[in-house]
$ cat coords-v5.txt   # compact mmCIF, C-alpha atoms
# COMPACT_ATOMS: atom_id res chain seq x y z
CA MET A 1 -32.96 -54.20 -81.28
CA GLU A 2 -29.67 -52.77 -82.50
CA LYS A 3 -31.25 -51.83 -85.80
CA GLU A 4 -34.17 -50.12 -84.05
CA THR A 5 -31.75 -48.16 -81.85
CA ALA A 6 -29.76 -47.05 -84.90
CA LEU A 7 -32.98 -45.99 -86.68
CA GLN A 8 -34.18 -44.03 -83.66
CA SER A 9 -30.81 -42.33 -83.34
CA ALA A 10 -30.80 -41.45 -87.03
CA ASN A 11 -34.34 -40.04 -86.78
CA ASN A 12 -33.40 -37.94 -83.78
CA GLU A 13 -30.41 -36.56 -85.61
CA VAL A 14 -32.50 -35.67 -88.68
CA MET A 15 -35.09 -33.92 -86.51
CA ARG A 16 -32.34 -32.04 -84.65
CA LYS A 17 -30.73 -30.85 -87.87
CA ILE A 18 -34.09 -29.83 -89.35
CA GLY A 19 -34.68 -27.59 -86.34
CA ARG A 20 -31.12 -26.25 -86.42
CA ASN A 21 -31.30 -25.35 -90.11
CA MET A 22 -34.71 -23.77 -89.72
CA LEU A 23 -33.26 -21.52 -87.00
CA LEU A 24 -30.36 -20.61 -89.30
CA PHE A 25 -32.83 -19.62 -92.02
CA GLN A 26 -34.77 -17.55 -89.49
CA GLN A 27 -31.57 -15.79 -88.43
CA ILE A 28 -30.80 -14.99 -92.06
CA GLU A 29 -34.34 -13.71 -92.59
CA GLY A 30 -34.12 -11.55 -89.47
CA LEU A 31 -30.81 -10.03 -90.56
CA LEU A 32 -32.20 -9.31 -94.02
CA LYS A 33 -35.15 -7.48 -92.48
CA TYR A 34 -32.83 -5.51 -90.21
CA LEU A 35 -30.45 -4.52 -93.02
CA ILE A 36 -33.26 -3.51 -95.37
CA ALA A 37 -35.20 -1.58 -92.71
CA ASN A 38 -32.13 0.31 -91.47
CA GLY A 39 -29.93 0.40 -94.57
CA SER A 40 -31.77 3.21 -96.30
CA ILE A 41 -33.98 6.01 -95.02
CA ALA A 42 -34.75 9.48 -96.34
CA GLY A 43 -37.21 12.22 -95.52
CA THR A 44 -37.80 15.60 -93.97
CA VAL A 45 -37.49 16.18 -90.26
CA GLU A 46 -41.29 16.14 -89.98
CA ASP A 47 -41.92 12.79 -91.69
CA LEU A 48 -38.69 10.83 -91.10
CA LYS A 49 -39.89 8.98 -88.00
CA ALA A 50 -43.23 8.04 -89.57
CA LYS A 51 -41.48 6.83 -92.73
CA LYS A 52 -39.13 4.65 -90.69
CA GLU A 53 -41.99 3.08 -88.71
CA SER A 54 -44.00 2.47 -91.88
CA ARG A 55 -41.00 0.85 -93.59
CA VAL A 56 -40.36 -1.48 -90.65
CA GLU A 57 -44.00 -2.60 -90.63
CA ASP A 58 -43.98 -3.14 -94.38
CA ILE A 59 -40.81 -5.25 -94.24
CA LYS A 60 -42.27 -7.45 -91.53
CA ARG A 61 -44.78 -8.78 -94.08
CA ARG A 62 -42.24 -9.57 -96.80
CA THR A 63 -41.57 -13.14 -97.90
CA MET A 64 -38.04 -14.51 -97.91
CA GLY A 65 -37.93 -14.21 -101.70
CA GLN A 66 -39.01 -10.56 -101.57
CA LEU A 67 -36.46 -9.80 -98.87
CA VAL A 68 -33.62 -11.35 -100.84
CA GLY A 69 -34.59 -9.51 -104.02
CA GLU A 70 -34.72 -6.12 -102.33
CA PHE A 71 -31.58 -6.78 -100.29
CA VAL A 72 -29.44 -7.70 -103.30
CA ASP A 73 -30.70 -4.81 -105.43
CA SER A 74 -30.51 -2.18 -102.70
CA THR A 75 -27.21 -3.28 -101.14
CA TYR A 76 -25.06 -4.29 -104.10
CA ALA A 77 -26.57 -2.33 -107.01
CA ASP A 78 -25.49 1.18 -107.99
CA GLU A 79 -27.05 3.90 -105.87
CA GLN A 80 -30.02 5.70 -107.36
CA ASP A 81 -31.06 9.11 -106.04
CA ALA A 82 -34.83 8.89 -105.80
CA ASN A 83 -35.08 12.62 -105.05
CA SER A 84 -32.78 13.90 -107.79
CA GLU A 85 -35.69 15.65 -109.53
CA GLU A 86 -37.68 16.48 -106.42
CA VAL A 87 -37.59 20.05 -105.13
CA ILE A 88 -36.97 19.94 -101.38
CA ASP A 89 -37.55 23.15 -99.43
CA LYS A 90 -37.24 21.71 -95.91
CA ALA A 91 -34.51 20.18 -93.79
CA TYR A 92 -33.95 16.78 -95.42
CA PHE A 93 -32.05 13.74 -94.19
CA SER A 94 -30.87 10.80 -96.25
CA PHE A 95 -28.86 7.73 -95.22
CA SER A 96 -28.00 4.62 -97.21
CA PHE A 97 -25.77 1.60 -96.63
CA ARG A 98 -24.26 -0.08 -99.69
CA VAL A 99 -21.50 -2.52 -100.55
CA GLU A 100 -19.25 -1.58 -103.44
CA CYS A 101 -18.47 -4.63 -105.56
CA GLU A 102 -17.66 -5.87 -109.03
CA VAL A 103 -20.43 -7.01 -111.37
CA ASP A 104 -19.30 -10.64 -111.11
CA TYR A 105 -19.59 -10.58 -107.32
CA TYR A 106 -23.04 -9.00 -107.57
CA GLU A 107 -24.22 -11.74 -109.93
CA THR A 108 -22.70 -14.44 -107.71
CA GLN A 109 -24.41 -13.09 -104.59
CA LYS A 110 -27.68 -12.82 -106.47
CA GLN A 111 -27.45 -16.50 -107.40
CA VAL A 112 -26.35 -17.62 -103.93
CA MET A 113 -29.18 -15.77 -102.22
CA ALA A 114 -31.72 -17.12 -104.71
CA GLU A 115 -30.52 -20.65 -103.90
CA LEU A 116 -30.97 -19.96 -100.19
CA VAL A 117 -34.59 -18.99 -100.80
CA SER A 118 -35.14 -22.18 -102.78
CA GLU A 119 -33.56 -24.37 -100.08
CA ARG A 120 -35.48 -22.62 -97.32
CA ASN A 121 -38.78 -23.19 -99.14
CA ASP A 122 -37.83 -26.80 -99.81
CA LEU A 123 -37.05 -27.39 -96.13
CA ILE A 124 -40.23 -25.70 -94.87
CA HIS A 125 -42.73 -26.86 -97.47
CA HIS A 126 -41.37 -29.90 -99.30
CA PHE A 127 -39.18 -31.84 -96.87
CA LEU A 128 -41.81 -34.18 -95.43
CA PRO A 129 -42.59 -36.13 -98.64
CA LYS A 130 -38.95 -37.21 -98.98
CA TYR A 131 -38.54 -38.07 -95.30
CA ASN A 132 -39.12 -41.74 -94.42
CA PRO A 133 -38.69 -42.25 -90.66
CA GLU A 134 -38.90 -46.04 -91.15
CA SER A 135 -35.82 -46.18 -93.38
CA LEU A 136 -32.34 -45.98 -91.87
CA GLU A 137 -30.82 -45.43 -95.29
CA ASN A 138 -33.20 -42.51 -95.96
CA CYS A 139 -32.46 -40.92 -92.59
CA LEU A 140 -28.70 -41.18 -93.08
CA ALA A 141 -28.95 -39.63 -96.55
CA LEU A 142 -31.08 -36.75 -95.23
CA ASP A 143 -28.64 -36.28 -92.36
CA ILE A 144 -25.84 -35.69 -94.88
CA GLU A 145 -28.05 -33.38 -96.95
CA LEU A 146 -28.97 -31.27 -93.91
CA GLU A 147 -25.33 -31.03 -92.84
CA GLN A 148 -24.32 -29.86 -96.31
CA GLN A 149 -27.09 -27.30 -96.19
CA ARG A 150 -25.74 -25.97 -92.90
CA GLU A 151 -22.28 -25.57 -94.44
CA LYS A 152 -23.85 -23.43 -97.20
CA LEU A 153 -25.84 -21.32 -94.75
CA LEU A 154 -23.09 -20.43 -92.31
CA PRO A 155 -20.92 -18.27 -94.66
CA GLU A 156 -23.96 -16.26 -95.75
CA LEU A 157 -25.15 -15.88 -92.18
CA ASN A 158 -21.70 -14.67 -91.08
CA ASN A 159 -21.58 -12.29 -94.06
CA LEU A 160 -24.92 -10.75 -93.08
CA LYS A 161 -23.80 -10.47 -89.45
CA ALA A 162 -20.67 -8.61 -90.58
CA MET A 163 -22.81 -6.27 -92.68
CA ALA A 164 -25.11 -5.62 -89.73
CA ARG A 165 -22.09 -4.77 -87.55
CA SER A 166 -20.77 -2.41 -90.24
CA LEU A 167 -24.18 -0.78 -90.56
CA ASP A 168 -24.40 -0.27 -86.80
CA GLU A 169 -20.89 1.18 -86.73
CA GLY A 170 -21.72 3.54 -89.57
CA ARG A 171 -24.86 4.69 -87.81
CA ARG A 172 -22.88 5.22 -84.58
CA ILE A 173 -20.26 7.31 -86.37
CA MET A 174 -22.94 9.32 -88.15
CA SER A 175 -24.81 9.94 -84.88
CA GLU A 176 -21.63 11.13 -83.15
CA PHE A 177 -20.87 13.43 -86.07
CA MET A 178 -24.39 14.87 -86.14
CA HIS A 179 -24.04 15.76 -82.44
CA SER A 180 -20.56 17.24 -82.87
CA GLU A 181 -19.58 20.84 -83.59
CA ASP A 182 -18.64 19.86 -87.17
CA GLY A 183 -22.05 18.24 -87.60
CA HIS A 184 -23.80 21.33 -86.30
CA ARG A 185 -21.87 23.56 -88.72
CA LEU A 186 -22.67 21.25 -91.62
CA ILE A 187 -26.40 21.16 -90.84
CA VAL A 188 -26.85 24.82 -89.93
CA GLU A 189 -24.34 26.50 -92.25
CA GLY A 190 -23.53 23.85 -94.85
CA LEU A 191 -19.83 23.83 -93.92
CA LEU A 192 -17.73 20.73 -94.43
CA PRO A 193 -15.58 19.48 -91.50
CA GLY A 194 -12.56 21.74 -91.04
CA GLU A 195 -13.86 24.24 -93.58
CA SER A 196 -13.89 27.95 -92.83
CA ARG A 197 -16.96 30.06 -93.53
CA LEU A 198 -15.10 31.77 -96.35
CA ASP A 199 -14.10 28.48 -97.96
CA GLY A 200 -17.67 27.20 -97.65
CA PHE A 201 -19.00 30.42 -99.14
CA LEU A 202 -16.59 30.30 -102.07
CA ARG A 203 -17.28 26.61 -102.62
CA SER A 204 -20.99 27.37 -102.93
CA ILE A 205 -20.31 30.20 -105.36
CA ALA A 206 -17.95 28.02 -107.41
CA SER A 207 -20.58 25.30 -107.74
CA LEU A 208 -23.26 27.78 -108.81
CA ALA A 209 -21.09 29.74 -111.26
CA ALA A 210 -18.98 26.87 -112.58
CA ARG A 211 -18.68 26.28 -116.30
CA ALA A 212 -18.77 22.85 -117.89
CA ASP A 213 -15.02 22.47 -117.27
CA GLY A 214 -15.45 23.13 -113.54
CA TRP A 215 -13.85 26.60 -113.49
CA ALA A 216 -15.84 29.63 -112.24
CA PRO A 217 -15.10 33.23 -113.28
CA LEU A 218 -13.72 35.29 -110.40
CA HIS A 219 -15.92 38.25 -111.32
CA ALA A 220 -18.96 36.02 -110.67
CA ALA A 221 -17.75 35.56 -107.09
CA GLY A 222 -17.69 39.31 -106.60
CA GLN A 223 -21.22 39.62 -107.95
CA TRP A 224 -22.45 36.87 -105.63
CA VAL A 225 -20.79 38.48 -102.63
CA ALA A 226 -22.57 41.75 -103.37
CA ARG A 227 -25.95 39.99 -103.38
CA GLN A 228 -25.55 38.06 -100.11
CA PRO A 229 -27.28 39.06 -96.85
CA PRO A 230 -25.01 41.37 -94.81
CA GLU A 231 -25.22 39.07 -91.76
CA GLN A 232 -23.65 36.20 -93.72
CA ILE A 233 -20.73 38.38 -94.81
CA ASP A 234 -20.41 39.68 -91.24
CA LYS A 235 -20.00 36.12 -89.94
CA ILE A 236 -17.25 35.44 -92.49
CA CYS A 237 -15.47 38.66 -91.57
CA GLU A 238 -15.84 37.93 -87.87
CA GLU A 239 -14.27 34.51 -88.30
CA ARG A 240 -11.39 36.04 -90.27
CA GLY A 241 -10.96 38.96 -87.86
CA THR A 242 -11.53 41.60 -90.56
CA GLU A 243 -14.03 44.38 -91.03
CA LYS A 244 -14.87 43.67 -94.65
CA LEU A 245 -14.46 41.05 -97.33
CA ALA A 246 -12.18 42.45 -99.97
CA ASN A 247 -9.62 41.33 -102.54
CA LEU A 248 -11.20 37.95 -103.33
CA LYS A 249 -8.38 37.11 -105.71
CA GLY A 250 -5.85 37.40 -102.89
CA LEU A 251 -8.03 35.35 -100.55
CA ILE A 252 -8.45 32.59 -103.10
CA GLU A 253 -4.77 32.73 -104.02
CA SER A 254 -3.75 32.17 -100.41
CA SER A 255 -6.30 29.42 -99.85
CA GLU A 256 -5.26 25.78 -99.61
CA VAL A 257 -8.69 24.73 -100.85
CA PHE A 258 -8.94 26.60 -104.17
CA GLU A 259 -6.78 27.19 -107.19
CA LEU A 260 -6.59 30.13 -109.61
CA LYS A 261 -5.72 30.48 -113.25
CA GLU A 262 -5.77 33.27 -115.81
CA GLU A 263 -7.14 32.75 -119.31
CA VAL A 264 -7.44 34.84 -122.42
CA ALA A 265 -10.91 36.26 -122.87
CA LYS A 266 -12.56 38.61 -125.30
CA GLY A 267 -11.03 42.03 -124.80
CA GLY A 268 -8.33 40.85 -122.40
CA THR A 269 -7.97 38.20 -119.73
CA GLN A 270 -10.02 36.89 -116.83
CA TRP A 271 -9.29 34.99 -113.65
CA LEU A 272 -10.94 31.67 -112.89
CA PHE A 273 -11.08 29.61 -109.69
CA ARG A 274 -12.23 26.18 -108.57
CA PRO A 275 -11.87 23.82 -105.60
CA LYS A 276 -8.69 21.77 -105.73
CA GLU A 277 -8.99 18.07 -106.52

$ encode --input "coords-v5.txt" --output "structure tokens"
Amino acid sequence: MEKETALQSANNEVMRKIGRNMLLFQQIEGLLKYLIANGSIAGTVEDLKAKKESRVEDIKRRTMGQLVGEFVDSTYADEQDANSEEVIDKAYFSFSFRVECEVDYYETQKQVMAELVSERNDLIHHFLPKYNPESLENCLALDIELEQQREKLLPELNNLKAMARSLDEGRRIMSEFMHSEDGHRLIVEGLLPGESRLDGFLRSIASLAARADGWAPLHAAGQWVARQPPEQIDKICEERGTEKLANLKGLIESSEVFELKEEVAKGGTQWLFRPKE
């Protein structure tokens, strides 16, 4: 009778731990789906919502192995700009969540996550053949194995939970910024937070006219100013409280954002400018 009671207790414990570990695997799978679905999205204003919905539906059908593969490569690998060669002529939004890490850590996580997939598949598909409910020794051994599995799952589950919290926080911060005055200026006028219209204008010119060493000829700035729509120059002047935009060299020289230097050129010298480091 005592032996039967011990066997029944051992069986109950094995069944309990099977269910517990299966739920842990499901939590991990759910977090992977959430991080992949929300960790990267890009598109125009017109198609962004449809792209997001399509991505969520696609991820729902992924296997655990597919989820792990995409998660590791998209979260830990170097960022790749899929639209670097695409000409975009509409309002475009892009968001991505990544973890910066060393190569060794990336390889370790890749191996750990691959092992989780293997153990999950073993528990779901291959556990029954090695489970003998009539053997107390077998049940006790499986009890230890399931407990060890739990100890391996918990750190990865907690890591994914922390990532999900960071992702949510990043999305919250981004949303608040997009609805702020700085966000409006960035979207509508391309101005960085705290940047004046003049600084933003000169930054754009510097990037377009910059040489390979990063310096842009000052005379190029004057040429660009002459070609800009009058209403854009009016806005800059209005912000500065002046009637016209003159003496660019003096404006750049007094700026905390740019730096100037003079270099010898053919037939004399020329002034160059660039954003400060």

$ closest_atom_pairs --input "coords-v5.txt" --of "range 125-209 of chain A" --to "range 35-39 of chain A" --cutoff "8 Å" --atoms "only C-alpha atoms" --output "CSV"
residue,atom,partner,partner_atom,distance
A:Met163,CA,A:Leu35,CA,7.8
A:Ala164,CA,A:Leu35,CA,6.4
A:Leu167,CA,A:Gly39,CA,7.1

$ atom_distance --input "coords-v5.txt" --atom1 "CA of Leu160 in chain A" --atom2 "CA of Ile28 in chain A"
7.3 Å

$ atom_distance --input "coords-v5.txt" --atom1 "CA of Pro230 in chain A" --atom2 "CA of Ile205 in chain A"
16.1 Å

$ closest_residue --input "coords-v5.txt" --among "A:Arg98, A:Ala216, A:Glu231, A:Gly65" --to "Ser166 in chain A" --atoms "all atoms listed in the file"
A:Arg98

$ atom_distance --input "coords-v5.txt" --atom1 "CA of Leu218 in chain A" --atom2 "CA of Leu248 in chain A"
8.0 Å

$ residues_around --input "coords-v5.txt" --residues "range 23-26 of chain A" --least-positions-apart "4" --cutoff "9 Å" --atoms "all atoms listed in the file" --output "MDAnalysis selection string"
chainID A and resid 18:19 30:31 116:117 120 150 153:154 157

$ residues_around --input "coords-v5.txt" --residues "Glu4 in chain A" --least-positions-apart "3" --cutoff "12 Å" --atoms "all atoms listed in the file" --output "count of residues only"
10

$ closest_residue --input "coords-v5.txt" --among "A:Lys110, A:Arg227, A:Lys235, A:Arg274" --to "Gly69 in chain A" --atoms "all atoms listed in the file"
A:Lys110

$ residues_around --input "coords-v5.txt" --residues "range 263-270 of chain A" --least-positions-apart "6" --cutoff "12 Å" --atoms "only C-alpha atoms" --output "list in words"
Trp215, Ala216, Pro217, Leu218, His219, Ala220 and Lys249 of chain A

$ write_last_selection --input "coords-v5.txt" --atoms "C-alpha atoms" --output "PDB file, in the frame of the given file"
ATOM      1  CA  TRP A 215     -13.850  26.600-113.490  1.00  0.00           C
ATOM      2  CA  ALA A 216     -15.840  29.630-112.240  1.00  0.00           C
ATOM      3  CA  PRO A 217     -15.100  33.230-113.280  1.00  0.00           C
ATOM      4  CA  LEU A 218     -13.720  35.290-110.400  1.00  0.00           C
ATOM      5  CA  HIS A 219     -15.920  38.250-111.320  1.00  0.00           C
ATOM      6  CA  ALA A 220     -18.960  36.020-110.670  1.00  0.00           C
ATOM      7  CA  LYS A 249      -8.380  37.110-105.710  1.00  0.00           C
TER       8      LYS A 249
END

$ closest_residue --input "coords-v5.txt" --among "A:Asn247, A:Gln232, A:Val68, A:Met22" --to "Gln149 in chain A" --atoms "only C-alpha atoms"
A:Met22

$ residues_around --input "coords-v5.txt" --residues "range 179-196 of chain A" --least-positions-apart "4" --cutoff "9 Å" --atoms "only C-alpha atoms" --output "list in words"
Ala91, Met174, Ser175, Gly200, Phe201, Ile236, Glu239, Arg240 and Val257 of chain A

$ closest_residue --input "coords-v5.txt" --among "A:Ile233, A:Arg203, A:Glu145, A:Glu243" --to "Phe273 in chain A" --atoms "only C-alpha atoms"
A:Arg203

$ closest_residue --input "coords-v5.txt" --among "A:Ala206, A:Ser96, A:Ser254, A:Gly43" --to "Gly170 in chain A" --atoms "only C-alpha atoms"
A:Ser96

$ residues_around --input "coords-v5.txt" --residues "Asp143 in chain A" --least-positions-apart "6" --cutoff "8 Å" --atoms "only C-alpha atoms" --output "list in words"
Ala10, Glu13, Val14 and Lys17 of chain A

$ axis_aligned_box --input "coords-v5.txt" --around "range 168-177 of chain A" --padding-each-side "5 Å" --output "JSON"
{"center_x": -22.6, "center_y": 6.6, "center_z": -86.4, "size_x": 14.6, "size_y": 23.7, "size_z": 16.4}

$ build_atoms --input "coords-v5.txt" --residues "range 143-170 of chain A" --atoms "N, CA and C atoms" --output "mmCIF file, keeping the file's coordinate frame"
data_model
loop_
_atom_site.group_PDB
_atom_site.id
_atom_site.type_symbol
_atom_site.label_atom_id
_atom_site.label_comp_id
_atom_site.auth_asym_id
_atom_site.auth_seq_id
_atom_site.Cartn_x
_atom_site.Cartn_y
_atom_site.Cartn_z
ATOM 1 N N ASP A 143 -29.579 -36.830 -93.338
ATOM 2 C CA ASP A 143 -28.640 -36.280 -92.360
ATOM 3 C C ASP A 143 -27.480 -35.591 -93.077
ATOM 4 N N ILE A 144 -26.947 -36.264 -94.100
ATOM 5 C CA ILE A 144 -25.840 -35.690 -94.880
ATOM 6 C C ILE A 144 -26.309 -34.442 -95.620
ATOM 7 N N GLU A 145 -27.493 -34.510 -96.201
ATOM 8 C CA GLU A 145 -28.050 -33.380 -96.950
ATOM 9 C C GLU A 145 -28.235 -32.154 -96.049
ATOM 10 N N LEU A 146 -28.739 -32.367 -94.850
ATOM 11 C CA LEU A 146 -28.970 -31.270 -93.910
ATOM 12 C C LEU A 146 -27.650 -30.674 -93.420
ATOM 13 N N GLU A 147 -26.645 -31.521 -93.265
ATOM 14 C CA GLU A 147 -25.330 -31.030 -92.840
ATOM 15 C C GLU A 147 -24.693 -30.190 -93.936
ATOM 16 N N GLN A 148 -24.847 -30.630 -95.179
ATOM 17 C CA GLN A 148 -24.320 -29.860 -96.310
ATOM 18 C C GLN A 148 -25.035 -28.518 -96.429
ATOM 19 N N GLN A 149 -26.329 -28.545 -96.146
ATOM 20 C CA GLN A 149 -27.090 -27.300 -96.190
ATOM 21 C C GLN A 149 -26.572 -26.311 -95.146
ATOM 22 N N ARG A 150 -26.286 -26.824 -93.962
ATOM 23 C CA ARG A 150 -25.740 -25.970 -92.900
ATOM 24 C C ARG A 150 -24.430 -25.318 -93.344
ATOM 25 N N GLU A 151 -23.569 -26.097 -93.991
ATOM 26 C CA GLU A 151 -22.280 -25.570 -94.440
ATOM 27 C C GLU A 151 -22.470 -24.466 -95.478
ATOM 28 N N LYS A 152 -23.554 -24.490 -96.235
ATOM 29 C CA LYS A 152 -23.850 -23.430 -97.200
ATOM 30 C C LYS A 152 -24.424 -22.197 -96.516
ATOM 31 N N LEU A 153 -25.178 -22.422 -95.433
ATOM 32 C CA LEU A 153 -25.840 -21.320 -94.750
ATOM 33 C C LEU A 153 -24.884 -20.471 -93.920
ATOM 34 N N LEU A 154 -23.939 -21.136 -93.255
ATOM 35 C CA LEU A 154 -23.090 -20.430 -92.310
ATOM 36 C C LEU A 154 -22.289 -19.262 -92.916
ATOM 37 N N PRO A 155 -21.653 -19.423 -94.094
ATOM 38 C CA PRO A 155 -20.920 -18.270 -94.660
ATOM 39 C C PRO A 155 -21.827 -17.081 -94.945
ATOM 40 N N GLU A 156 -23.038 -17.355 -95.453
ATOM 41 C CA GLU A 156 -23.960 -16.260 -95.750
ATOM 42 C C GLU A 156 -24.470 -15.615 -94.474
ATOM 43 N N LEU A 157 -24.712 -16.417 -93.463
ATOM 44 C CA LEU A 157 -25.150 -15.880 -92.180
ATOM 45 C C LEU A 157 -24.057 -14.992 -91.590
ATOM 46 N N ASN A 158 -22.818 -15.454 -91.616
ATOM 47 C CA ASN A 158 -21.700 -14.670 -91.080
ATOM 48 C C ASN A 158 -21.488 -13.387 -91.890
ATOM 49 N N ASN A 159 -21.708 -13.468 -93.203
ATOM 50 C CA ASN A 159 -21.580 -12.290 -94.060
ATOM 51 C C ASN A 159 -22.627 -11.234 -93.689
ATOM 52 N N LEU A 160 -23.854 -11.672 -93.463
ATOM 53 C CA LEU A 160 -24.920 -10.750 -93.080
ATOM 54 C C LEU A 160 -24.666 -10.160 -91.687
ATOM 55 N N LYS A 161 -24.136 -10.981 -90.785
ATOM 56 C CA LYS A 161 -23.800 -10.470 -89.450
ATOM 57 C C LYS A 161 -22.736 -9.378 -89.546
ATOM 58 N N ALA A 162 -21.734 -9.605 -90.409
ATOM 59 C CA ALA A 162 -20.670 -8.610 -90.580
ATOM 60 C C ALA A 162 -21.247 -7.320 -91.168
ATOM 61 N N MET A 163 -22.175 -7.447 -92.106
ATOM 62 C CA MET A 163 -22.810 -6.270 -92.680
ATOM 63 C C MET A 163 -23.606 -5.506 -91.620
ATOM 64 N N ALA A 164 -24.321 -6.257 -90.778
ATOM 65 C CA ALA A 164 -25.110 -5.620 -89.730
ATOM 66 C C ALA A 164 -24.202 -4.864 -88.759
ATOM 67 N N ARG A 165 -23.041 -5.458 -88.434
ATOM 68 C CA ARG A 165 -22.090 -4.770 -87.550
ATOM 69 C C ARG A 165 -21.559 -3.499 -88.220
ATOM 70 N N SER A 166 -21.264 -3.583 -89.516
ATOM 71 C CA SER A 166 -20.770 -2.410 -90.240
ATOM 72 C C SER A 166 -21.840 -1.320 -90.304
ATOM 73 N N LEU A 167 -23.070 -1.738 -90.531
ATOM 74 C CA LEU A 167 -24.180 -0.780 -90.560
ATOM 75 C C LEU A 167 -24.318 -0.084 -89.210
ATOM 76 N N ASP A 168 -24.279 -0.856 -88.134
ATOM 77 C CA ASP A 168 -24.400 -0.270 -86.800
ATOM 78 C C ASP A 168 -23.246 0.691 -86.511
ATOM 79 N N GLU A 169 -22.041 0.311 -86.943
ATOM 80 C CA GLU A 169 -20.890 1.180 -86.730
ATOM 81 C C GLU A 169 -21.036 2.464 -87.527
ATOM 82 N N GLY A 170 -21.503 2.348 -88.754
ATOM 83 C CA GLY A 170 -21.720 3.540 -89.570
ATOM 84 C C GLY A 170 -22.760 4.463 -88.970
#
